[in-house]
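**Q** Please see the structure below; I have some questions.
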Amino acid sequence: MEQGFDIFNVLSMIGGLSLFLYGMNVMGDALAKMAGGKLEHILEKLTTNKYVAVLLGAGVTAVIQSSSATTVMVVGFVNSGIMKLKQAVGIIMGANIGTTITSWILSLSGISGDSMLIKLLKPTSFTPILALIGVVFLIFMKNEKKHDIGTILLGFAVLMFGMDAMSEAVKPLAKVDEFTSILTMFEHPLLGLLAGVVLTAVIQSSSASVGILQALCVTGAITYANAIPIIMGQNIGTCITAILSSIGASKDAKRASAVHLFFNVIGTTVFMVLFYLINVFMPWPFLYDVAGAAGIAVVHTAFNVLATVVLLPMSNVLEKLATIVIKDEPSKEEEDQDAVLQLLDYRFLDNAGVAIAQSHKVAVEMAKMSRDVVLEAVSLIGNYNEEKAAHVRLIEDKMDKYEDALSAYLLKLSGRDVSKDDSRILSTLLHSVGDIERISDLSVDILLGVEQMHKKEQEFSKKATEELNVYGRALKDILNLTVDALENNDREKAILVEPMEDLIDTMNKELKKRHVKRLKKGKCTVELGISLSDITDTFERISDHCSNVAVCIVQGDDDEFEAHDYRKQQKADEEAWFAKKYEEFEAEYALP
């Protein structure tokens, strides 16, 4: 006697669903981690060609197995000003196509046949092997990429086991009349559509909700009449994630999420109207056939491909519609937003690789601003200008805000699971951001000395000015070297900073000695000597902070940074190289 559907089947179904969702989440996170900041670079290199955008959107989504994640990333990029709304439209459409790859993978569970090849293609045959390989990679391999691959394989295995468990648990539902009658309700297009919207909005994944529908196919009670409207609703329900992520974002970011919604709503409406209108005059012969997992995948893919083919030529219409719905008037919040801080979008935190790439951009922008404001302050020596002085203070205040924002963002990232390369960049940024901000602080110290001299109408002697110009050139070059090393993660340039920093220390001592000689000869005053000493000491402190940043870049793989210990080791291990570079710089910046 065949067992009916009971509480134990419910528990098995819940367990299978839990494994399925967990496996999908683990696999998606591991795939995103492996991709890291490369996703950002791929999307940033996007051309204005909307067809290329569709392909990129589909490709990125196929890699990370989540159209919601891709769309949220796009909303973040638009909000940060990295991407224009026009570029985002194509990626959003492509994401809908890319997400269908999951349904094809899951459709393997529906394969049946007696041949050896068919049996090998069944997940129950190859998934245990993948799980074993995943465990071996995780336990016995030390290579990080192999660990990530192991996690992906295990995530996939758990996903497929969950899918199989769900399918087995719901099989007895085929004999339950109440279940069949409920499904009959969903043959009504609007009810089926609503069910798909609600289910997907709750679990926030169209791939997962399609997978659940595929699992129910084993009951034999799911027909295409039930499945088609539910699949249509699932495509609309997945928009909820992007809509939620756009709350508090810029107007264009909100428009990007609106485009995602409009694309699915219009596509669904057109598809369903045409489909059911044709059915009135020429009934579809397959409509009441039992749907299989592969059939669900076909419908899911066909809809998204056809919707893209129809709506892509009208992408400008979707963009204009979003602009009409979300007006152009800037809000007070948008007026107050800073373009640099917008890069630190909290939507990216779910994809740590992208968030680290954004953080690196902000740190580089801070380094450039610190360099520029120092050089602006130096330019005021002997040439004071109130407008420039006010600008120096304005930039220094802005840098304080940037440091607070970036430090908070990096701390949130520090607990995330990231790749080794991203971890090294994160460590470098965490240890460098304070030094970068401190460099901008020292620009104000230079400014204060210049202002004192301006008030007292003092000027350095011609000889002191010439020496200070050479010293200033060395300072400018060490700042440029540090910024370039940070921007390009260039260790070769970072290594060059240390001998330059040593030379700047020596130059500072030499400038003071020369001043004492001029003082003895009556060619200078004690008061001017104090001003000169303050400025040259500030130059030296700036170079010290440059050295700290460079050490972080060179030693980025270490968890602990001890700059002075590293410097001693560097000089001991590479004394000849260091001496040679020092001599080269000494000749280049010889004092007159």
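Each chain in the structure tokens gets a letter, A, B and so on, in the order shown; residues start at 1 in every chain, and ligands are counted from 1 in the order they appear.
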Excluding same-chain residues fewer than 2 positions from Val259 (chain A), what lies within 12 Å of it counting only C-alpha atoms, as a PyMOL selection string?

**A** chain A and resi 71+74-75+85-93+236+239+242-243+246+252-257+261-267+311-312+314-326

**Q** Selection from above, N, CA and C atoms, as a CSV table (one decimal), in the first residue's frame, can you write it?

**A**
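What follows is the written file selection37.csv:
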chain,number,residue,atom,x,y,z
A,71,THR,N,21.9,42.7,-10.7
A,71,THR,CA,21.1,43.9,-10.7
A,71,THR,C,21.4,44.9,-9.6
A,74,VAL,N,24.5,46.6,-10.4
A,74,VAL,CA,24.3,47.6,-11.4
A,74,VAL,C,23.7,48.9,-10.7
A,75,VAL,N,22.7,48.7,-9.8
A,75,VAL,CA,22.1,49.8,-9.1
A,75,VAL,C,23.2,50.6,-8.3
A,85,LEU,N,22.9,55.2,-16.8
A,85,LEU,CA,21.6,54.5,-16.8
A,85,LEU,C,21.5,53.8,-18.2
A,86,LYS,N,21.9,54.4,-19.2
A,86,LYS,CA,21.8,53.8,-20.6
A,86,LYS,C,22.6,52.5,-20.6
A,87,GLN,N,23.8,52.5,-20.0
A,87,GLN,CA,24.6,51.3,-20.0
A,87,GLN,C,23.9,50.2,-19.2
A,88,ALA,N,23.3,50.6,-18.1
A,88,ALA,CA,22.7,49.6,-17.1
A,88,ALA,C,21.6,48.8,-17.7
A,89,VAL,N,20.8,49.4,-18.7
A,89,VAL,CA,19.6,48.8,-19.2
A,89,VAL,C,20.0,47.4,-19.9
A,90,GLY,N,21.0,47.4,-20.7
A,90,GLY,CA,21.5,46.2,-21.4
A,90,GLY,C,21.9,45.1,-20.4
A,91,ILE,N,22.7,45.5,-19.4
A,91,ILE,CA,23.1,44.6,-18.4
A,91,ILE,C,22.0,43.9,-17.7
A,92,ILE,N,21.0,44.7,-17.3
A,92,ILE,CA,19.8,44.2,-16.6
A,92,ILE,C,19.1,43.2,-17.5
A,93,MET,N,18.9,43.5,-18.8
A,93,MET,CA,18.3,42.5,-19.7
A,93,MET,C,19.1,41.2,-19.8
A,236,ILE,N,8.8,38.7,-12.3
A,236,ILE,CA,8.5,40.0,-11.7
A,236,ILE,C,8.9,40.0,-10.3
A,239,CYS,N,12.4,41.2,-9.0
A,239,CYS,CA,12.7,42.7,-9.0
A,239,CYS,C,12.7,43.3,-7.6
A,242,ALA,N,16.3,44.4,-6.2
A,242,ALA,CA,16.8,45.6,-6.7
A,242,ALA,C,16.0,46.8,-6.2
A,243,ILE,N,14.7,46.7,-6.1
A,243,ILE,CA,13.9,47.8,-5.6
A,243,ILE,C,14.3,48.2,-4.2
A,246,SER,N,17.5,50.0,-3.9
A,246,SER,CA,17.6,51.4,-4.5
A,246,SER,C,17.0,52.4,-3.5
A,252,ASP,N,19.1,58.2,-10.6
A,252,ASP,CA,19.5,57.2,-11.6
A,252,ASP,C,19.5,55.8,-11.1
A,253,ALA,N,20.0,55.6,-9.9
A,253,ALA,CA,20.0,54.2,-9.3
A,253,ALA,C,18.6,53.7,-9.2
A,254,LYS,N,17.7,54.6,-8.7
A,254,LYS,CA,16.2,54.2,-8.6
A,254,LYS,C,15.7,53.9,-10.0
A,255,ARG,N,16.1,54.7,-11.0
A,255,ARG,CA,15.6,54.4,-12.3
A,255,ARG,C,16.1,53.1,-12.9
A,256,ALA,N,17.4,52.7,-12.5
A,256,ALA,CA,17.9,51.4,-12.9
A,256,ALA,C,17.0,50.3,-12.4
A,257,SER,N,16.6,50.3,-11.1
A,257,SER,CA,15.8,49.3,-10.5
A,257,SER,C,14.4,49.4,-11.2
A,261,LEU,N,12.2,46.5,-13.3
A,261,LEU,CA,10.8,46.1,-13.0
A,261,LEU,C,10.0,46.3,-14.3
A,262,PHE,N,10.2,47.4,-15.0
A,262,PHE,CA,9.4,47.7,-16.3
A,262,PHE,C,9.7,46.6,-17.3
A,263,PHE,N,11.0,46.2,-17.4
A,263,PHE,CA,11.3,45.2,-18.4
A,263,PHE,C,10.5,43.9,-18.2
A,264,ASN,N,10.5,43.5,-16.9
A,264,ASN,CA,9.8,42.2,-16.6
A,264,ASN,C,8.3,42.3,-16.6
A,265,VAL,N,7.8,43.5,-16.2
A,265,VAL,CA,6.3,43.7,-16.2
A,265,VAL,C,5.8,43.8,-17.6
A,266,ILE,N,6.5,44.6,-18.4
A,266,ILE,CA,6.1,44.8,-19.8
A,266,ILE,C,6.3,43.5,-20.6
A,267,GLY,N,7.4,42.8,-20.4
A,267,GLY,CA,7.7,41.6,-21.1
A,267,GLY,C,6.7,40.5,-20.7
A,311,LEU,N,12.3,43.8,-26.5
A,311,LEU,CA,12.5,45.1,-25.8
A,311,LEU,C,13.8,45.8,-25.9
A,312,LEU,N,14.9,45.0,-26.3
A,312,LEU,CA,16.2,45.7,-26.4
A,312,LEU,C,16.2,46.8,-27.4
A,314,MET,N,14.0,48.8,-27.9
A,314,MET,CA,13.2,49.9,-27.3
A,314,MET,C,13.7,50.2,-25.9
A,315,SER,N,15.0,50.0,-25.7
A,315,SER,CA,15.6,50.2,-24.4
A,315,SER,C,15.5,51.7,-24.1
A,316,ASN,N,15.6,52.6,-25.1
A,316,ASN,CA,15.5,54.0,-24.8
A,316,ASN,C,14.1,54.4,-24.2
A,317,VAL,N,13.1,53.6,-24.7
A,317,VAL,CA,11.7,53.8,-24.2
A,317,VAL,C,11.7,53.5,-22.7
A,318,LEU,N,12.3,52.4,-22.3
A,318,LEU,CA,12.3,52.0,-20.9
A,318,LEU,C,13.0,53.0,-20.1
A,319,GLU,N,14.1,53.5,-20.6
A,319,GLU,CA,14.9,54.6,-19.9
A,319,GLU,C,14.0,55.8,-19.7
A,320,LYS,N,13.3,56.2,-20.8
A,320,LYS,CA,12.5,57.4,-20.7
A,320,LYS,C,11.3,57.2,-19.7
A,321,LEU,N,10.8,56.0,-19.7
A,321,LEU,CA,9.7,55.7,-18.8
A,321,LEU,C,10.1,55.8,-17.4
A,322,ALA,N,11.3,55.3,-17.1
A,322,ALA,CA,11.9,55.4,-15.7
A,322,ALA,C,12.1,56.8,-15.3
A,323,THR,N,12.5,57.6,-16.3
A,323,THR,CA,12.8,59.1,-16.0
A,323,THR,C,11.5,59.8,-15.8
A,324,ILE,N,10.4,59.4,-16.5
A,324,ILE,CA,9.1,60.0,-16.3
A,324,ILE,C,8.5,59.7,-14.9
A,325,VAL,N,8.7,58.4,-14.5
A,325,VAL,CA,8.1,57.9,-13.2
A,325,VAL,C,8.9,58.5,-12.1
A,326,ILE,N,10.3,58.6,-12.2
A,326,ILE,CA,11.1,59.1,-11.2
A,326,ILE,C,11.7,60.4,-11.7

**Q** Residues near Ala169 (chain A), anyone? I mean within 8 Å using only C-alpha atoms, not counting same-chain ones fewer than 5 positions away, as a ChimeraX atom specification.

**A** /A:9-10,12-13

**Q** Show me, as a PyMOL selection string, the residues that have an atom within 8 Å of Gly15 (chain A) when counting only C-alpha atoms, minus same-chain residues fewer than 6 positions from it.

**A** chain A and resi 162+165-166

**Q** Mind dumping the selected residues with N, CA and C atoms as a compact mmCIF listing (two decimals), in the first residue's frame?

**A**
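part-v5.txt written:
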# COMPACT_ATOMS: atom_id res chain seq x y z
N GLY A 162 19.53 18.73 -2.05
CA GLY A 162 18.31 19.38 -1.58
C GLY A 162 17.19 19.27 -2.60
N ALA A 165 15.95 15.77 -2.50
CA ALA A 165 15.16 15.54 -1.29
C ALA A 165 13.78 16.15 -1.41
N MET A 166 13.71 17.35 -1.98
CA MET A 166 12.41 18.00 -2.19
C MET A 166 11.54 17.17 -3.13

**Q** With DSSP run on the backbone, what are the alpha helix (DSSP H) residues within region 49-199 of chain A? I'd like them as a PyMOL selection string.

**A** chain A and resi 50-64+67-80+85-98+100-106+116-121+123-140+144-170+177-185+189-199

**Q** Just the selected residues (C-alpha atoms), exported as a short mmCIF file (atom, residue, chain, number, x, y, z; two decimals), in the first residue's frame, please.

**A**
data_model
loop_
_atom_site.label_atom_id
_atom_site.label_comp_id
_atom_site.auth_asym_id
_atom_site.auth_seq_id
_atom_site.Cartn_x
_atom_site.Cartn_y
_atom_site.Cartn_z
CA LYS A 50 23.75 47.76 -25.76
CA TYR A 51 24.18 44.36 -27.42
CA VAL A 52 27.57 43.94 -25.78
CA ALA A 53 25.94 45.03 -22.51
CA VAL A 54 23.38 42.21 -22.79
CA LEU A 55 26.14 39.65 -23.34
CA LEU A 56 28.12 40.97 -20.38
CA GLY A 57 25.05 40.95 -18.15
CA ALA A 58 24.27 37.37 -19.15
CA GLY A 59 27.90 36.28 -18.68
CA VAL A 60 28.36 37.88 -15.24
CA THR A 61 25.04 36.46 -14.02
CA ALA A 62 25.90 33.00 -15.31
CA VAL A 63 29.14 33.20 -13.31
CA ILE A 64 27.65 34.33 -9.99
CA SER A 67 20.35 37.97 -11.53
CA SER A 68 19.39 39.76 -8.30
CA ALA A 69 23.08 40.12 -7.31
CA THR A 70 23.98 41.45 -10.77
CA THR A 71 21.09 43.93 -10.74
CA VAL A 72 21.95 45.14 -7.24
CA MET A 73 25.55 45.64 -8.40
CA VAL A 74 24.32 47.63 -11.37
CA VAL A 75 22.14 49.80 -9.10
CA GLY A 76 25.24 50.42 -6.97
CA PHE A 77 27.36 51.29 -10.01
CA VAL A 78 24.76 53.75 -11.27
CA ASN A 79 24.40 55.23 -7.78
CA SER A 80 28.20 55.67 -7.60
CA LEU A 85 21.64 54.48 -16.82
CA LYS A 86 21.82 53.82 -20.57
CA GLN A 87 24.59 51.26 -20.00
CA ALA A 88 22.72 49.62 -17.14
CA VAL A 89 19.64 48.77 -19.23
CA GLY A 90 21.45 46.22 -21.40
CA ILE A 91 23.14 44.55 -18.43
CA ILE A 92 19.80 44.20 -16.63
CA MET A 93 18.27 42.51 -19.67
CA GLY A 94 21.28 40.23 -20.00
CA ALA A 95 21.04 39.30 -16.32
CA ASN A 96 17.57 37.88 -16.92
CA ILE A 97 18.99 35.59 -19.60
CA GLY A 98 22.05 34.61 -17.54
CA THR A 100 18.25 30.79 -16.73
CA ILE A 101 21.46 28.71 -16.67
CA THR A 102 20.51 27.55 -13.17
CA SER A 103 17.22 26.09 -14.35
CA TRP A 104 19.06 24.10 -17.02
CA ILE A 105 21.47 22.70 -14.45
CA LEU A 106 18.56 21.74 -12.19
CA MET A 116 24.94 4.26 -18.94
CA LEU A 117 25.41 7.78 -20.37
CA ILE A 118 21.95 8.89 -19.21
CA LYS A 119 22.56 7.43 -15.76
CA LEU A 120 25.90 9.24 -15.49
CA LEU A 121 24.22 12.53 -16.37
CA PRO A 123 22.79 14.36 -10.49
CA THR A 124 22.38 11.40 -8.13
CA SER A 125 25.27 9.76 -10.03
CA PHE A 126 27.81 12.55 -10.40
CA THR A 127 26.94 14.79 -7.43
CA PRO A 128 28.51 12.44 -4.80
CA ILE A 129 31.75 12.48 -6.83
CA LEU A 130 31.70 16.29 -6.95
CA ALA A 131 31.04 16.39 -3.20
CA LEU A 132 34.02 14.08 -2.56
CA ILE A 133 36.30 16.21 -4.74
CA GLY A 134 35.05 19.31 -2.93
CA VAL A 135 35.81 17.81 0.48
CA VAL A 136 39.30 16.74 -0.65
CA PHE A 137 40.02 20.24 -1.98
CA LEU A 138 38.80 21.87 1.24
CA ILE A 139 40.54 19.55 3.71
CA PHE A 140 43.77 18.53 2.01
CA GLU A 144 43.08 29.21 -1.90
CA LYS A 145 41.66 28.80 -5.39
CA LYS A 146 41.31 25.06 -4.84
CA HIS A 147 39.49 25.85 -1.57
CA ASP A 148 37.08 28.08 -3.48
CA ILE A 149 36.56 25.42 -6.14
CA GLY A 150 35.93 22.88 -3.37
CA THR A 151 33.32 25.20 -1.83
CA ILE A 152 31.61 25.63 -5.21
CA LEU A 153 31.50 21.86 -5.77
CA LEU A 154 30.15 21.23 -2.27
CA GLY A 155 27.61 24.02 -2.65
CA PHE A 156 26.45 22.49 -5.92
CA ALA A 157 26.29 19.02 -4.33
CA VAL A 158 24.22 20.31 -1.40
CA LEU A 159 21.95 22.17 -3.83
CA MET A 160 21.34 19.03 -5.90
CA PHE A 161 20.84 16.85 -2.82
CA GLY A 162 18.31 19.38 -1.58
CA MET A 163 16.58 19.34 -4.96
CA ASP A 164 16.45 15.54 -4.89
CA ALA A 165 15.16 15.54 -1.29
CA MET A 166 12.41 18.00 -2.19
CA SER A 167 11.41 15.93 -5.21
CA GLU A 168 11.22 12.72 -3.17
CA ALA A 169 9.27 14.43 -0.39
CA VAL A 170 6.59 15.85 -2.69
CA ASP A 177 -6.65 15.56 -4.45
CA GLU A 178 -6.46 18.79 -2.46
CA PHE A 179 -2.99 19.53 -3.90
CA THR A 180 -4.23 18.94 -7.43
CA SER A 181 -7.20 21.26 -6.86
CA ILE A 182 -4.92 24.00 -5.54
CA LEU A 183 -2.74 23.70 -8.63
CA THR A 184 -5.83 23.90 -10.81
CA MET A 185 -6.43 27.38 -9.34
CA PRO A 189 -3.20 33.29 -15.44
CA LEU A 190 -3.59 36.07 -12.85
CA LEU A 191 -3.59 33.71 -9.86
CA GLY A 192 -0.55 31.84 -11.19
CA LEU A 193 1.20 35.13 -11.87
CA LEU A 194 0.49 36.35 -8.33
CA ALA A 195 1.74 33.07 -6.82
CA GLY A 196 5.02 33.37 -8.74
CA VAL A 197 5.48 37.01 -7.68
CA VAL A 198 4.88 36.27 -3.98
CA LEU A 199 7.06 33.15 -3.86
#

**Q** I need the residue nearest Tyr409 (chain A) from this list: A:Glu586, A:Glu386, A:Asp397, A:Asp345. Use only C-alpha atoms for the distance.

**A**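 Using only C-alpha atoms, the shortest distance to Tyr409 (chain A) belongs to A:Asp345.
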
**Q** Taking 2 positions as the minimum chain separation for residues in the same chain, which residues sit within 12 Å of Asp505 (chain A) when counting only C-alpha atoms? Answer as a VMD selection string.

**A** chain A and resid 471 474 to 475 498 to 503 507 to 512 536 to 544 547 582 586

**Q** What lies within 7 Å of Thr482 (chain A) using only C-alpha atoms, ignoring chain neighbours under 5 positions off, as a PyMOL selection string?

**A** chain A and resi 494+497+546+550

**Q** Please indicate the distance in Å from CA of Ala294 (chain A) to CA of Ile212 (chain A), rounded to one decimal place.

**A** 13.2 Å

**Q** Would you compute the distance between CA of Met453 (chain A) and CA of Leu591 (chain A)? Give it in Å to one decimal.

**A** 23.4 Å

**Q** Got a sec: who's within 12 Å of Asp445 (chain A), counting only C-alpha atoms, leaving out chain neighbours fewer than 5 positions off, as JSON, numbers by chain?

**A** {"A": [373, 374, 377, 378, 389, 392, 393, 396, 438, 439, 440, 450, 451, 452, 531, 534, 535, 536, 537, 538, 539, 541, 542]}

**Q** Atoms to include: N, CA and C atoms. Write the selected residues as a PDB file, in the first residue's frame.

**A**
ATOM      1  N   VAL A 373      47.058  68.678  -2.359  1.00  0.00           N
ATOM      2  CA  VAL A 373      46.876  69.744  -1.367  1.00  0.00           C
ATOM      3  C   VAL A 373      48.208  70.090  -0.702  1.00  0.00           C
ATOM      4  N   VAL A 374      49.083  69.107  -0.535  1.00  0.00           N
ATOM      5  CA  VAL A 374      50.421  69.392  -0.011  1.00  0.00           C
ATOM      6  C   VAL A 374      51.184  70.280  -0.992  1.00  0.00           C
ATOM      7  N   ALA A 377      49.942  73.752  -0.887  1.00  0.00           N
ATOM      8  CA  ALA A 377      50.447  74.473   0.288  1.00  0.00           C
ATOM      9  C   ALA A 377      51.902  74.889   0.079  1.00  0.00           C
ATOM     10  N   VAL A 378      52.708  73.995  -0.515  1.00  0.00           N
ATOM     11  CA  VAL A 378      54.117  74.304  -0.786  1.00  0.00           C
ATOM     12  C   VAL A 378      54.227  75.479  -1.762  1.00  0.00           C
ATOM     13  N   ALA A 389      44.813  79.350   0.149  1.00  0.00           N
ATOM     14  CA  ALA A 389      44.916  78.943   1.558  1.00  0.00           C
ATOM     15  C   ALA A 389      43.583  78.378   2.053  1.00  0.00           C
ATOM     16  N   VAL A 392      43.087  74.906   0.669  1.00  0.00           N
ATOM     17  CA  VAL A 392      43.874  73.897   1.399  1.00  0.00           C
ATOM     18  C   VAL A 392      43.108  73.418   2.629  1.00  0.00           C
ATOM     19  N   ARG A 393      42.534  74.345   3.361  1.00  0.00           N
ATOM     20  CA  ARG A 393      41.775  73.967   4.565  1.00  0.00           C
ATOM     21  C   ARG A 393      40.511  73.188   4.204  1.00  0.00           C
ATOM     22  N   GLU A 396      41.469  69.644   3.350  1.00  0.00           N
ATOM     23  CA  GLU A 396      41.873  68.908   4.566  1.00  0.00           C
ATOM     24  C   GLU A 396      40.646  68.470   5.359  1.00  0.00           C
ATOM     25  N   ARG A 438      46.792  61.702   7.118  1.00  0.00           N
ATOM     26  CA  ARG A 438      47.746  62.505   7.889  1.00  0.00           C
ATOM     27  C   ARG A 438      48.576  63.401   6.974  1.00  0.00           C
ATOM     28  N   ILE A 439      48.853  62.926   5.769  1.00  0.00           N
ATOM     29  CA  ILE A 439      49.597  63.747   4.798  1.00  0.00           C
ATOM     30  C   ILE A 439      48.832  65.042   4.516  1.00  0.00           C
ATOM     31  N   SER A 440      47.508  64.928   4.366  1.00  0.00           N
ATOM     32  CA  SER A 440      46.709  66.141   4.115  1.00  0.00           C
ATOM     33  C   SER A 440      46.702  67.055   5.335  1.00  0.00           C
ATOM     34  N   VAL A 450      53.548  79.324   6.551  1.00  0.00           N
ATOM     35  CA  VAL A 450      53.524  80.328   5.476  1.00  0.00           C
ATOM     36  C   VAL A 450      52.727  81.554   5.910  1.00  0.00           C
ATOM     37  N   GLU A 451      51.600  81.332   6.586  1.00  0.00           N
ATOM     38  CA  GLU A 451      50.756  82.458   7.022  1.00  0.00           C
ATOM     39  C   GLU A 451      51.473  83.327   8.057  1.00  0.00           C
ATOM     40  N   GLN A 452      52.222  82.688   8.951  1.00  0.00           N
ATOM     41  CA  GLN A 452      52.984  83.460   9.942  1.00  0.00           C
ATOM     42  C   GLN A 452      54.006  84.373   9.253  1.00  0.00           C
ATOM     43  N   SER A 531      61.010  79.160  11.182  1.00  0.00           N
ATOM     44  CA  SER A 531      60.008  78.910  10.141  1.00  0.00           C
ATOM     45  C   SER A 531      60.514  77.879   9.135  1.00  0.00           C
ATOM     46  N   ASP A 534      60.514  74.427  10.735  1.00  0.00           N
ATOM     47  CA  ASP A 534      59.154  73.877  10.829  1.00  0.00           C
ATOM     48  C   ASP A 534      58.700  73.303   9.487  1.00  0.00           C
ATOM     49  N   ILE A 535      58.974  74.046   8.420  1.00  0.00           N
ATOM     50  CA  ILE A 535      58.535  73.604   7.086  1.00  0.00           C
ATOM     51  C   ILE A 535      59.297  72.357   6.644  1.00  0.00           C
ATOM     52  N   THR A 536      60.630  72.375   6.818  1.00  0.00           N
ATOM     53  CA  THR A 536      61.412  71.213   6.377  1.00  0.00           C
ATOM     54  C   THR A 536      61.109  69.975   7.226  1.00  0.00           C
ATOM     55  N   ASP A 537      60.831  70.172   8.519  1.00  0.00           N
ATOM     56  CA  ASP A 537      60.440  69.036   9.369  1.00  0.00           C
ATOM     57  C   ASP A 537      59.109  68.448   8.895  1.00  0.00           C
ATOM     58  N   THR A 538      58.214  69.330   8.459  1.00  0.00           N
ATOM     59  CA  THR A 538      56.916  68.864   7.946  1.00  0.00           C
ATOM     60  C   THR A 538      57.122  68.076   6.656  1.00  0.00           C
ATOM     61  N   PHE A 539      58.035  68.554   5.798  1.00  0.00           N
ATOM     62  CA  PHE A 539      58.364  67.791   4.591  1.00  0.00           C
ATOM     63  C   PHE A 539      58.821  66.385   4.958  1.00  0.00           C
ATOM     64  N   ARG A 541      58.200  64.687   7.702  1.00  0.00           N
ATOM     65  CA  ARG A 541      57.103  63.879   8.261  1.00  0.00           C
ATOM     66  C   ARG A 541      56.194  63.357   7.140  1.00  0.00           C
ATOM     67  N   ILE A 542      55.974  64.186   6.122  1.00  0.00           N
ATOM     68  CA  ILE A 542      55.167  63.738   4.977  1.00  0.00           C
ATOM     69  C   ILE A 542      55.839  62.541   4.300  1.00  0.00           C
TER      70      ILE A 542
END
